[in-house]
$ cat upload_10.csv   # CSV, C-alpha atoms and all ligand atoms
chain,number,residue,atom,x,y,z
A,1,MET,CA,-10.4,33.4,-104.2
A,2,THR,CA,-9.3,34.9,-107.5
A,3,ASP,CA,-7.6,38.1,-108.6
A,4,ARG,CA,-10.8,38.9,-110.6
A,5,ILE,CA,-12.3,39.8,-107.2
A,6,ILE,CA,-9.7,42.5,-106.4
A,7,GLU,CA,-9.9,43.9,-109.9
A,8,ARG,CA,-13.5,45.0,-109.6
A,9,ARG,CA,-13.7,48.8,-110.0
A,10,PRO,CA,-13.7,50.7,-106.8
A,11,THR,CA,-16.7,53.0,-106.1
A,12,VAL,CA,-14.7,55.5,-104.1
A,13,ASN,CA,-11.1,56.5,-104.1
A,14,THR,CA,-8.8,55.5,-101.2
A,15,PHE,CA,-8.7,58.8,-99.5
A,16,GLU,CA,-12.5,59.0,-99.7
A,17,ALA,CA,-12.8,55.6,-98.2
A,18,MET,CA,-10.4,56.5,-95.3
A,19,THR,CA,-12.5,59.6,-94.7
A,20,ALA,CA,-15.9,58.0,-95.0
A,21,ARG,CA,-15.1,54.9,-92.9
A,22,ARG,CA,-16.8,54.8,-89.5
A,23,SER,CA,-17.0,52.2,-86.7
A,24,ILE,CA,-20.5,50.7,-87.2
A,25,ARG,CA,-22.3,49.4,-84.1
A,26,LYS,CA,-25.8,48.8,-85.6
A,27,PHE,CA,-26.2,46.3,-88.4
A,28,ARG,CA,-29.1,45.3,-90.6
A,29,ASP,CA,-30.3,41.7,-90.2
A,30,GLU,CA,-29.0,40.7,-93.6
A,31,PRO,CA,-26.1,38.3,-94.5
A,32,VAL,CA,-23.1,39.7,-96.3
A,33,LEU,CA,-22.7,38.3,-99.8
A,34,GLU,CA,-20.1,35.6,-100.0
A,35,GLU,CA,-18.3,37.3,-102.9
A,36,ASP,CA,-18.1,40.6,-100.9
A,37,MET,CA,-16.5,38.8,-97.9
A,38,GLU,CA,-14.0,37.2,-100.3
A,39,ARG,CA,-13.2,40.6,-101.7
A,40,ILE,CA,-12.7,42.0,-98.1
A,41,LEU,CA,-10.4,39.0,-97.2
A,42,THR,CA,-8.5,39.4,-100.5
A,43,ALA,CA,-7.9,43.0,-99.6
A,44,ALA,CA,-6.5,41.9,-96.3
A,45,THR,CA,-4.0,39.6,-98.0
A,46,ARG,CA,-2.8,42.5,-100.2
A,47,ALA,CA,-1.4,44.4,-97.2
A,48,PRO,CA,2.3,44.9,-96.8
A,49,SER,CA,4.2,42.9,-94.1
A,50,GLY,CA,7.7,42.8,-92.6
A,51,LYS,CA,9.8,40.7,-95.0
A,52,ASN,CA,6.6,39.8,-96.7
A,53,SER,CA,6.0,37.2,-94.0
A,54,GLN,CA,2.2,37.7,-94.1
A,55,PRO,CA,1.8,36.9,-90.4
A,56,TRP,CA,-2.0,36.6,-90.5
A,57,ARG,CA,-4.7,34.0,-90.4
A,58,PHE,CA,-8.4,34.7,-90.5
A,59,VAL,CA,-11.2,32.7,-89.0
A,60,VAL,CA,-14.7,33.7,-90.3
A,61,VAL,CA,-17.6,33.2,-87.9
A,62,LYS,CA,-21.1,33.6,-89.3
A,63,GLY,CA,-24.7,32.6,-89.2
A,64,ASP,CA,-25.6,29.8,-86.8
A,65,ARG,CA,-22.3,29.9,-85.0
A,66,ARG,CA,-22.6,33.5,-83.8
A,67,SER,CA,-24.6,32.7,-80.7
A,68,GLU,CA,-21.9,30.2,-79.5
A,69,MET,CA,-19.2,32.8,-80.1
A,70,VAL,CA,-21.1,35.5,-78.2
A,71,GLY,CA,-21.8,33.0,-75.4
A,72,ILE,CA,-18.1,32.4,-75.0
A,73,MET,CA,-17.4,36.2,-75.2
A,74,ARG,CA,-20.0,36.8,-72.4
A,75,ALA,CA,-18.6,34.0,-70.2
A,76,GLY,CA,-15.1,35.6,-70.5
A,77,ILE,CA,-16.5,39.0,-69.6
A,78,GLU,CA,-18.3,37.5,-66.6
A,79,GLU,CA,-15.2,35.7,-65.4
A,80,LYS,CA,-13.1,39.0,-65.6
A,81,LYS,CA,-15.9,40.8,-63.8
A,82,SER,CA,-15.7,38.3,-61.0
A,83,MET,CA,-11.9,39.0,-60.8
A,84,GLU,CA,-12.9,42.7,-60.4
A,85,TRP,CA,-11.4,43.7,-63.8
A,86,ASP,CA,-12.8,46.8,-65.4
A,87,THR,CA,-14.6,45.3,-68.4
A,88,GLY,CA,-15.4,48.7,-70.0
A,89,SER,CA,-18.0,48.6,-72.8
A,90,SER,CA,-17.2,44.9,-73.6
A,91,GLU,CA,-20.8,43.8,-73.0
A,92,TRP,CA,-22.0,46.4,-75.6
A,93,THR,CA,-19.4,45.0,-78.0
A,94,ALA,CA,-20.7,41.5,-77.4
A,95,ALA,CA,-24.2,42.7,-78.3
A,96,ILE,CA,-22.8,44.2,-81.5
A,97,MET,CA,-21.1,40.9,-82.4
A,98,GLU,CA,-24.4,39.1,-81.8
A,99,GLN,CA,-26.1,41.4,-84.3
A,100,ALA,CA,-23.4,41.5,-87.0
A,101,PRO,CA,-23.8,38.8,-89.6
A,102,VAL,CA,-20.1,38.1,-89.9
A,103,THR,CA,-17.1,38.4,-87.5
A,104,VAL,CA,-13.6,37.7,-88.7
A,105,PHE,CA,-11.0,36.8,-86.0
A,106,VAL,CA,-7.4,37.8,-86.9
A,107,PHE,CA,-4.5,35.7,-85.6
A,108,ASN,CA,-0.8,36.1,-85.9
A,109,PRO,CA,0.6,32.6,-86.4
A,110,GLU,CA,4.1,33.7,-85.5
A,111,GLY,CA,3.1,35.3,-82.2
A,112,THR,CA,2.6,33.7,-78.8
A,113,HIS,CA,0.0,34.2,-76.1
A,114,PRO,CA,0.4,37.6,-74.4
A,115,TRP,CA,0.7,36.1,-70.9
A,116,LEU,CA,3.8,34.1,-71.9
A,117,ALA,CA,7.3,35.6,-71.3
A,118,HIS,CA,8.9,37.1,-74.4
A,119,SER,CA,12.5,37.7,-75.2
A,120,ILE,CA,13.6,41.2,-76.5
A,121,ASP,CA,13.9,39.6,-80.0
A,122,GLN,CA,10.4,38.2,-79.8
A,123,ASN,CA,9.1,41.6,-78.6
A,124,PHE,CA,10.6,43.3,-81.7
A,125,GLN,CA,9.3,40.5,-84.0
A,126,ASP,CA,5.8,41.0,-82.4
A,127,LEU,CA,6.0,44.8,-83.1
A,128,VAL,CA,6.7,44.0,-86.8
A,129,ASN,CA,4.0,41.4,-87.0
A,130,ILE,CA,1.4,43.5,-85.3
A,131,GLN,CA,2.0,46.4,-87.7
A,132,SER,CA,1.6,43.9,-90.6
A,133,VAL,CA,-1.6,42.5,-89.2
A,134,GLY,CA,-2.9,46.1,-88.5
A,135,ALA,CA,-2.3,46.9,-92.2
A,136,ALA,CA,-4.3,43.8,-93.2
A,137,ILE,CA,-7.2,44.8,-90.9
A,138,GLN,CA,-7.3,48.4,-92.2
A,139,ASN,CA,-7.3,47.0,-95.7
A,140,MET,CA,-10.4,45.0,-94.8
A,141,LEU,CA,-12.1,48.1,-93.3
A,142,LEU,CA,-11.4,50.2,-96.4
A,143,ALA,CA,-12.5,47.5,-98.8
A,144,ALA,CA,-15.7,47.1,-96.8
A,145,THR,CA,-16.3,50.9,-96.8
A,146,ASP,CA,-15.8,50.8,-100.6
A,147,MET,CA,-18.6,48.3,-100.9
A,148,GLY,CA,-21.0,50.0,-98.5
A,149,ILE,CA,-20.4,47.4,-95.8
A,150,GLY,CA,-20.0,48.5,-92.2
A,151,SER,CA,-17.3,47.3,-90.0
A,152,LEU,CA,-16.2,47.4,-86.3
A,153,TRP,CA,-12.6,46.6,-85.3
A,154,ILE,CA,-12.8,44.8,-81.9
A,155,CYS,CA,-10.2,44.2,-79.2
A,156,ASP,CA,-12.8,43.6,-76.5
A,157,VAL,CA,-12.5,40.0,-77.5
A,158,PHE,CA,-9.4,40.0,-75.2
A,159,TYR,CA,-11.8,39.7,-72.2
A,160,ALA,CA,-12.5,36.2,-73.5
A,161,TYR,CA,-9.1,35.6,-75.1
A,162,GLU,CA,-8.5,32.0,-73.9
A,163,GLY,CA,-12.1,30.9,-74.4
A,164,LEU,CA,-12.4,32.3,-78.0
A,165,ALA,CA,-9.0,31.1,-79.1
A,166,ALA,CA,-9.7,27.6,-77.8
A,167,TRP,CA,-13.2,27.6,-79.4
A,168,LEU,CA,-11.7,28.6,-82.7
A,169,GLY,CA,-9.0,26.0,-82.4
A,170,GLU,CA,-6.1,28.5,-82.6
A,171,ASP,CA,-3.1,28.2,-80.4
A,172,CYS,CA,-1.2,31.3,-81.7
A,173,GLN,CA,-1.7,35.0,-80.9
A,174,MET,CA,-5.2,36.5,-81.3
A,175,VAL,CA,-4.8,40.1,-82.5
A,176,ALA,CA,-8.4,41.3,-83.0
A,177,ALA,CA,-11.8,40.6,-84.4
A,178,VAL,CA,-13.7,42.6,-87.0
A,179,SER,CA,-17.5,42.5,-87.3
A,180,PHE,CA,-19.0,43.2,-90.7
A,181,GLY,CA,-22.6,43.8,-91.9
A,182,TYR,CA,-24.7,46.3,-93.8
A,183,PRO,CA,-25.0,49.4,-91.7
A,184,ALA,CA,-28.2,50.4,-89.9
A,185,GLU,CA,-26.8,53.7,-88.7
A,186,SER,CA,-24.7,56.6,-90.2
A,187,PRO,CA,-22.7,57.9,-87.3
A,188,GLU,CA,-20.9,61.3,-87.4
A,189,ALA,CA,-17.2,61.2,-87.7
A,190,SER,CA,-15.4,60.8,-84.4
A,191,PRO,CA,-13.2,63.8,-83.5
A,192,ARG,CA,-9.6,63.6,-84.5
A,193,LYS,CA,-6.6,65.5,-83.2
A,194,ARG,CA,-5.3,68.2,-85.6
A,195,VAL,CA,-2.4,67.2,-87.8
A,196,SER,CA,-0.3,69.9,-86.1
A,197,GLU,CA,-0.9,68.3,-82.7
A,198,VAL,CA,0.5,65.0,-83.7
A,199,VAL,CA,3.2,65.8,-86.2
A,200,ARG,CA,6.7,67.2,-85.4
A,201,THR,CA,9.1,68.0,-88.2
A,202,VAL,CA,12.8,67.6,-87.9
A,203,GLY,CA,14.8,69.5,-90.6
A,204,SER,CA,13.8,72.1,-93.1
B,1,LIG,C1,-7.3,48.4,-82.2
B,1,LIG,C2,-8.8,48.9,-82.0
B,1,LIG,C3,-9.6,48.2,-81.1
B,1,LIG,C4,-10.9,48.6,-81.0
B,1,LIG,N1,-11.8,47.9,-80.2
B,1,LIG,C5,-13.1,48.2,-80.1
B,1,LIG,C6,-14.0,47.4,-79.3
B,1,LIG,O1,-13.6,46.4,-78.7
B,1,LIG,N2,-15.3,47.8,-79.3
B,1,LIG,C7,-15.7,48.9,-80.0
B,1,LIG,O2,-16.9,49.2,-79.9
B,1,LIG,N3,-14.9,49.6,-80.7
B,1,LIG,C8,-13.6,49.3,-80.8
B,1,LIG,N4,-12.8,50.0,-81.7
B,1,LIG,C9,-13.3,51.1,-82.4
B,1,LIG,C10,-12.9,52.5,-81.9
B,1,LIG,O3,-13.6,52.8,-80.7
B,1,LIG,C11,-13.1,53.6,-83.0
B,1,LIG,O4,-12.2,53.3,-84.1
B,1,LIG,C12,-12.7,55.0,-82.5
B,1,LIG,O5,-13.6,55.4,-81.5
B,1,LIG,C13,-12.8,56.0,-83.7
B,1,LIG,O6,-14.1,56.0,-84.3
B,1,LIG,P1,-14.2,55.6,-85.8
B,1,LIG,O7,-13.7,54.3,-86.1
B,1,LIG,O8,-15.7,55.7,-86.2
B,1,LIG,O9,-13.4,56.7,-86.6
B,1,LIG,C14,-11.4,49.7,-81.8
B,1,LIG,C15,-10.6,50.3,-82.7
B,1,LIG,C16,-9.3,49.9,-82.8
B,1,LIG,C17,-8.4,50.5,-83.9
$ encode --input "upload_10.csv" --output "structure tokens"
Amino acid sequence: MTDRIIERRPTVNTFEAMTARRSIRKFRDEPVLEEDMERILTAATRAPSGKNSQPWRFVVVKGDRRSEMVGIMRAGIEEKKSMEWDTGSSEWTAAIMEQAPVTVFVFNPEGTHPWLAHSIDQNFQDLVNIQSVGAAIQNMLLAATDMGIGSLWICDVFYAYEGLAAWLGEDCQMVAAVSFGYPAESPEASPRKRVSEVVRTVGS
């Protein structure tokens, strides 16, 4: 991965990319170019992080390994259903992951599994690391939008947390997955709260 990749001229400015980005849930049956995935992952590594600790690791799943990944995801969902969990729209998410040519799993190597007890110190450290990882994920989504590549940020992988982490050979904290591919839909923007609803100013 080289800096040459990040230096390629953007096609839209950052604010346009933030506004144009959508969660894409229908992908064309077409692989994403290797160099485009490299650019997306390079963008991730350019994110800010607490004390520049860069608490992220990425595992890219593509092509012939997708069906195994989705099998494990579905097994996890079935197990949670048998335990009477509300599994929401996770089956739909699994079908999207099956269709997307690439899914990137994002891990926090400094984090522990969510079901283990955490000290207050660890909880604060987790807050710092999760923000850093979130910035890296958002960078990936914006870089993808810039190149006309669709993306879906996924936390439904938590229904198969243990199975997927073991399959990927990771023993640290799984934060999310992101599916990528060329979009086969152009969804309308999802509604947003007005700025005045979510902002409170203190001082003049
Ligand atoms: C942390 C996070 C987790 C998400 N998990 C899922 C998911 O598991 N499945 C899914 O279909 N969408 C998922 N989404 C996408 C959201 O549903 C979507 O961002 C939201 O509805 C707003 O739509 P937009 O992204 O098109 O603006 C997730 C988004 C975030 C930020």
$ closest_atom_pairs --input "upload_10.csv" --of "chain A" --to "ligand LIG 1 (chain B)" --cutoff "10 Å" --atoms "only C-alpha atoms and all ligand atoms" --output "tab-separated table"
residue	atom	partner	partner_atom	distance
A:Met18	CA	B:LIG1	O9	9.2
A:Thr19	CA	B:LIG1	O9	8.7
A:Ala20	CA	B:LIG1	O9	8.9
A:Arg21	CA	B:LIG1	O9	6.8
A:Arg22	CA	B:LIG1	O8	3.6
A:Ser23	CA	B:LIG1	O8	3.8
A:Ile24	CA	B:LIG1	O8	7.0
A:Arg25	CA	B:LIG1	O2	6.8
A:Gly88	CA	B:LIG1	O1	9.2
A:Ser89	CA	B:LIG1	N2	7.1
A:Ser90	CA	B:LIG1	O1	6.4
A:Glu91	CA	B:LIG1	N2	9.3
A:Trp92	CA	B:LIG1	O2	7.2
A:Thr93	CA	B:LIG1	N2	5.1
A:Ala94	CA	B:LIG1	N2	8.5
A:Ala95	CA	B:LIG1	O2	9.9
A:Ile96	CA	B:LIG1	O2	7.9
A:Met97	CA	B:LIG1	N2	9.5
A:Gly134	CA	B:LIG1	C1	8.0
A:Ile137	CA	B:LIG1	C17	9.1
A:Gln138	CA	B:LIG1	C17	8.6
A:Leu141	CA	B:LIG1	O7	9.6
A:Ser151	CA	B:LIG1	O7	8.8
A:Leu152	CA	B:LIG1	C9	6.1
A:Trp153	CA	B:LIG1	C14	4.8
A:Ile154	CA	B:LIG1	O1	3.7
A:Cys155	CA	B:LIG1	O1	4.1
A:Asp156	CA	B:LIG1	O1	3.6
A:Val157	CA	B:LIG1	O1	6.6
A:Phe158	CA	B:LIG1	O1	8.4
A:Tyr159	CA	B:LIG1	O1	9.5
A:Val175	CA	B:LIG1	C1	8.7
A:Ala176	CA	B:LIG1	C1	7.2
A:Ala177	CA	B:LIG1	O1	8.3
A:Val178	CA	B:LIG1	N1	8.8
A:Ser179	CA	B:LIG1	N2	9.8
A:Ser186	CA	B:LIG1	O8	9.9
A:Pro187	CA	B:LIG1	O8	7.4
A:Glu188	CA	B:LIG1	O8	7.7
A:Ala189	CA	B:LIG1	O8	5.9
A:Ser190	CA	B:LIG1	O6	5.0
A:Pro191	CA	B:LIG1	O9	7.7
A:Arg192	CA	B:LIG1	O9	8.2
$ closest_residue --input "upload_10.csv" --among "A:Val60, A:Ile40, A:Val195, A:Ala17" --to "Val104 (chain A)" --atoms "all atoms listed in the file"
A:Val60
$ closest_residue --input "upload_10.csv" --among "A:Ala43, A:Ala166, A:Ile149, A:Met174" --to "Pro101 (chain A)" --atoms "only C-alpha atoms"
A:Ile149
$ residues_near_point --input "upload_10.csv" --point "(-13.4, 31.4, -79.5)" --cutoff "12 Å" --atoms "all atoms listed in the file" --output "number ranges by chain"
A: 59-61, 65-76, 103-107, 157-171, 174, 176-177
$ closest_residue --input "upload_10.csv" --among "A:Phe15, A:Asp29, A:Arg194, A:Gln173" --to "Leu116 (chain A)" --atoms "only C-alpha atoms"
A:Gln173
$ closest_residue --input "upload_10.csv" --among "A:Ala47, A:Arg28, A:Ala136, A:Gly111" --to "Phe124 (chain A)" --atoms "only C-alpha atoms"
A:Gly111
$ atom_distance --input "upload_10.csv" --atom1 "CA of Leu142 (chain A)" --atom2 "CA of Glu16 (chain A)"
9.5 Å
$ atom_distance --input "upload_10.csv" --atom1 "CA of Met140 (chain A)" --atom2 "CA of Ala44 (chain A)"
5.2 Å
$ closest_residue --input "upload_10.csv" --among "A:Pro114, A:Gly181, A:Pro48, A:Pro55" --to "Asn139 (chain A)" --atoms "only C-alpha atoms"
A:Pro48
$ atom_distance --input "upload_10.csv" --atom1 "CA of Ala143 (chain A)" --atom2 "CA of Glu98 (chain A)"
22.4 Å
$ closest_residue --input "upload_10.csv" --among "A:Ser204, A:Gln125, A:Ser119, A:Gln99" --to "Tyr182 (chain A)" --atoms "all atoms listed in the file"
A:Gln99
$ residues_around --input "upload_10.csv" --residues "Ser49 (chain A)" --least-positions-apart "2" --cutoff "8 Å" --atoms "all atoms listed in the file" --output "PyMOL selection string"
chain A and resi 47+51-55+128-129+131-133+135
$ decode --input "upload_10.csv" --residues "region 168-197 of chain A" --atoms "N, CA and C atoms" --output "tab-separated table (two decimals), in the first residue's frame"
chain	number	residue	atom	x	y	z
A	168	LEU	N	-12.38	-16.03	11.79
A	168	LEU	CA	-11.39	-15.08	11.27
A	168	LEU	C	-10.08	-15.16	12.04
A	169	GLY	N	-10.06	-15.97	13.11
A	169	GLY	CA	-8.82	-16.17	13.88
A	169	GLY	C	-8.44	-14.96	14.72
A	170	GLU	N	-9.45	-14.20	15.17
A	170	GLU	CA	-9.17	-13.00	15.97
A	170	GLU	C	-9.70	-13.20	17.39
A	171	ASP	N	-8.86	-12.84	18.36
A	171	ASP	CA	-9.24	-13.04	19.75
A	171	ASP	C	-9.53	-11.71	20.45
A	172	CYS	N	-9.47	-10.61	19.69
A	172	CYS	CA	-9.71	-9.30	20.31
A	172	CYS	C	-11.14	-8.85	20.02
A	173	GLN	N	-11.39	-7.58	20.23
A	173	GLN	CA	-12.78	-7.08	20.15
A	173	GLN	C	-13.20	-6.83	18.70
A	174	MET	N	-14.30	-7.45	18.30
A	174	MET	CA	-14.85	-7.18	16.96
A	174	MET	C	-15.75	-5.96	17.09
A	175	VAL	N	-15.50	-4.95	16.26
A	175	VAL	CA	-16.27	-3.70	16.39
A	175	VAL	C	-17.38	-3.63	15.35
A	176	ALA	N	-17.13	-4.08	14.15
A	176	ALA	CA	-18.13	-3.98	13.08
A	176	ALA	C	-17.62	-4.70	11.85
A	177	ALA	N	-18.48	-4.75	10.84
A	177	ALA	CA	-18.05	-5.17	9.51
A	177	ALA	C	-18.57	-4.13	8.53
A	178	VAL	N	-17.94	-4.03	7.39
A	178	VAL	CA	-18.44	-3.12	6.35
A	178	VAL	C	-18.42	-3.87	5.02
A	179	SER	N	-19.58	-3.94	4.37
A	179	SER	CA	-19.63	-4.56	3.05
A	179	SER	C	-19.46	-3.49	1.98
A	180	PHE	N	-18.77	-3.86	0.91
A	180	PHE	CA	-18.51	-2.94	-0.20
A	180	PHE	C	-18.86	-3.59	-1.53
A	181	GLY	N	-19.26	-2.77	-2.48
A	181	GLY	CA	-19.51	-3.26	-3.83
A	181	GLY	C	-20.07	-2.12	-4.66
A	182	TYR	N	-20.16	-2.37	-5.96
A	182	TYR	CA	-20.74	-1.34	-6.82
A	182	TYR	C	-22.25	-1.35	-6.61
A	183	PRO	N	-22.85	-0.17	-6.37
A	183	PRO	CA	-24.27	-0.12	-6.01
A	183	PRO	C	-25.20	-0.54	-7.15
A	184	ALA	N	-26.25	-1.29	-6.78
A	184	ALA	CA	-27.30	-1.63	-7.74
A	184	ALA	C	-28.60	-0.94	-7.32
A	185	GLU	N	-28.49	0.11	-6.55
A	185	GLU	CA	-29.65	0.91	-6.14
A	185	GLU	C	-29.16	2.31	-5.81
A	186	SER	N	-30.08	3.28	-5.86
A	186	SER	CA	-29.74	4.66	-5.44
A	186	SER	C	-30.79	5.12	-4.45
A	187	PRO	N	-30.67	4.69	-3.20
A	187	PRO	CA	-31.71	5.03	-2.22
A	187	PRO	C	-31.75	6.53	-1.92
A	188	GLU	N	-32.96	6.97	-1.56
A	188	GLU	CA	-33.14	8.34	-1.07
A	188	GLU	C	-32.37	8.48	0.23
A	189	ALA	N	-32.08	9.73	0.58
A	189	ALA	CA	-31.42	9.97	1.87
A	189	ALA	C	-32.36	9.61	3.01
A	190	SER	N	-31.84	8.96	4.03
A	190	SER	CA	-32.65	8.69	5.23
A	190	SER	C	-32.85	10.00	5.97
A	191	PRO	N	-34.01	10.15	6.63
A	191	PRO	CA	-34.26	11.42	7.32
A	191	PRO	C	-33.25	11.67	8.44
A	192	ARG	N	-32.96	12.91	8.67
A	192	ARG	CA	-32.06	13.29	9.76
A	192	ARG	C	-32.78	14.28	10.67
A	193	LYS	N	-32.44	14.25	11.94
A	193	LYS	CA	-32.95	15.26	12.86
A	193	LYS	C	-32.38	16.62	12.45
A	194	ARG	N	-33.15	17.67	12.72
A	194	ARG	CA	-32.64	19.00	12.40
A	194	ARG	C	-31.48	19.33	13.35
A	195	VAL	N	-30.57	20.16	12.86
A	195	VAL	CA	-29.40	20.54	13.68
A	195	VAL	C	-29.88	21.13	15.00
A	196	SER	N	-30.94	21.96	14.93
A	196	SER	CA	-31.41	22.63	16.15
A	196	SER	C	-31.95	21.63	17.18
A	197	GLU	N	-32.36	20.44	16.72
A	197	GLU	CA	-32.88	19.43	17.65
A	197	GLU	C	-31.76	18.74	18.43
